[in-house]
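To keep things clear, I will list the structure first and then write my remarks on it.
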Amino acid sequence: MAQASIANSEFDRDTAVTLREEGVYDAELSAGWTIFGAVNGGYLLAVVGRALGDALPHPDPFSVSAHYLSASGPGRAVIRVQTVRSGRTLSTGQASLFQYTEDGTEVERIRVLASYGDLDALSDDVRTTAKPPAIPPIEHCLGSEDGPAPIPGSAAITERLRLKLDPATCGWAVGAPSGKGEMRAWFELADGRDADPVSLLLAVDALPPTAFELGIKGWVPTVELTTHVRCRPAPGPLRVSIVTRNLAGGFLEEDAEIWDSADRLVAQSRQLALVPRG
């Protein structure tokens, strides 16, 4: 598929924010990025990330920590941004996204504290023991078109993504979960737009939850999500690996790594999520 221009990208249109006044942005959360009617947490984080990137003196997210306070739905939202500190290398800001009840009451959906910098100014010195995930070639992985018919209205977001799951991590789709808390996939936006730092905020939360491979069904809402963006991704599909090592007390963690086509670790995240009751 030909690369989508920024102007024609559905992701960019749906994450756009409009400055109303200093520190206040308007947004329209799209129904196209929902799961069972609730807005996906990664998409929501990308919307807030847009506002922070516009308000802060540095362009790129480096570290973004979000607490999800209530479920978001499609529709109008307002984002309030405050600059906490502005330095030479990093600037730090906080932002909250609000939606409105039928009587006009504001409800806070997500609160974010983030540090932004310039990824292009980073040193190219890399010393790591991390290795790209072992995922079969994309043509040997499985997409939504290869599985059973989805429940109508269950996940509009799947139409906006081109996810190809490692067959070893999608036994849940045929009623045979592996029992391992692992999920691996190739990731692209369906319109062909290459990844950038803001879309990485979506990618860390775009795969099916690892809970599915643990034999747990249902929505797994995010409580807290921290994402580190390490470098600007090269063009081409991303590889995403997510692992859960501990489920206890009704909560689980998901540790994610995102690798680009140049075999570079471009983002990492840790998420705390609530396990649905059986």
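Scheme for the structure tokens: letters A, B, ... for chains in order shown; per-chain residue numbers from 1; ligand numbers from 1 in order shown.
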
- Members of range 45-276 of chain A assigned strand (DSSP E) by DSSP, as a VMD selection string: chain A and resid 60 to 68 75 to 86 91 to 100 106 to 117 161 to 165 182 to 189 222 to 229 238 to 243 247 to 248 251 to 259 265 to 274

- Find the residues near Gly143 in chain A: any atom within 9 Å, counting only C-alpha atoms, skip ones fewer than 2 places away on the same chain, and give them as a ChimeraX atom specification. /A:141,145-147,162-165

Store the residues picked out above, limited to N, CA, C and O atoms, as an mmCIF file, in the first residue's frame.
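Dumped to again_20.cif:
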```cif
data_model
loop_
_atom_site.group_PDB
_atom_site.id
_atom_site.type_symbol
_atom_site.label_atom_id
_atom_site.label_comp_id
_atom_site.auth_asym_id
_atom_site.auth_seq_id
_atom_site.Cartn_x
_atom_site.Cartn_y
_atom_site.Cartn_z
ATOM 1 N N CYS A 141 2.002 -14.530 9.511
ATOM 2 C CA CYS A 141 1.252 -14.166 10.699
ATOM 3 C C CYS A 141 -0.220 -13.964 10.361
ATOM 4 O O CYS A 141 -0.603 -13.959 9.187
ATOM 5 N N GLU A 145 -8.742 -10.845 9.508
ATOM 6 C CA GLU A 145 -9.460 -11.525 8.429
ATOM 7 C C GLU A 145 -9.263 -13.038 8.465
ATOM 8 O O GLU A 145 -10.006 -13.788 7.812
ATOM 9 N N ASP A 146 -8.285 -13.500 9.228
ATOM 10 C CA ASP A 146 -8.003 -14.932 9.299
ATOM 11 C C ASP A 146 -8.708 -15.627 10.451
ATOM 12 O O ASP A 146 -8.685 -16.853 10.550
ATOM 13 N N GLY A 147 -9.339 -14.852 11.350
ATOM 14 C CA GLY A 147 -9.979 -15.424 12.517
ATOM 15 C C GLY A 147 -11.475 -15.539 12.352
ATOM 16 O O GLY A 147 -12.031 -15.249 11.279
ATOM 17 N N ARG A 162 -3.382 -2.426 10.813
ATOM 18 C CA ARG A 162 -3.021 -3.650 10.127
ATOM 19 C C ARG A 162 -2.147 -4.436 11.102
ATOM 20 O O ARG A 162 -0.930 -4.249 11.174
ATOM 21 N N LEU A 163 -2.800 -5.279 11.898
ATOM 22 C CA LEU A 163 -2.105 -6.114 12.871
ATOM 23 C C LEU A 163 -1.980 -7.526 12.328
ATOM 24 O O LEU A 163 -2.953 -8.108 11.854
ATOM 25 N N LYS A 164 -0.784 -8.062 12.395
ATOM 26 C CA LYS A 164 -0.537 -9.450 12.013
ATOM 27 C C LYS A 164 0.089 -10.162 13.211
ATOM 28 O O LYS A 164 1.244 -9.936 13.565
ATOM 29 N N LEU A 165 -0.711 -11.018 13.852
ATOM 30 C CA LEU A 165 -0.300 -11.653 15.103
ATOM 31 C C LEU A 165 0.560 -12.891 14.853
ATOM 32 O O LEU A 165 0.298 -13.681 13.934
#
```

- Taking the backbone alone, and naming residues the way the document does, which bits of range 14-56 of chain A are helix (DSSP H, G or I) by DSSP, as number ranges by chain? A: 14, 31-33, 41-55

- Task: Would you mind listing what lies within 9 Å of Ala66 in chain A as a PyMOL selection string, with only C-alpha atoms counted and same-chain residues fewer than 5 positions away left out?
- Result: chain A and resi 45+110-114+223-227

- Task: Determine, counting only C-alpha atoms, which protein, DNA and RNA residues have an atom within 10 Å of an atom of range 266-269 of chain A; residues of the same chain fewer than 6 positions away are not included. Present the result as number ranges by chain.
- Result: A: 62-65, 196-197, 200-201, 203-205, 225-234, 238, 240-242, 254-260

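Computed from the coordinates, the CA of Glu106 in chain A to CA of Asp26 in chain A distance equals 13.4 Å.
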
- Residue contacts of Tyr43 in chain A (10 Å, only C-alpha atoms) excluding same-chain residues fewer than 6 positions away, as a list in words: Phe11, Asp14, Thr15, Leu29, Ser30, Trp33, Thr34, Gly49, Ile157, Val198, Ser199, Leu200, Leu201, Leu202, Ala203, Val204, Asp205 and Ala206 of chain A
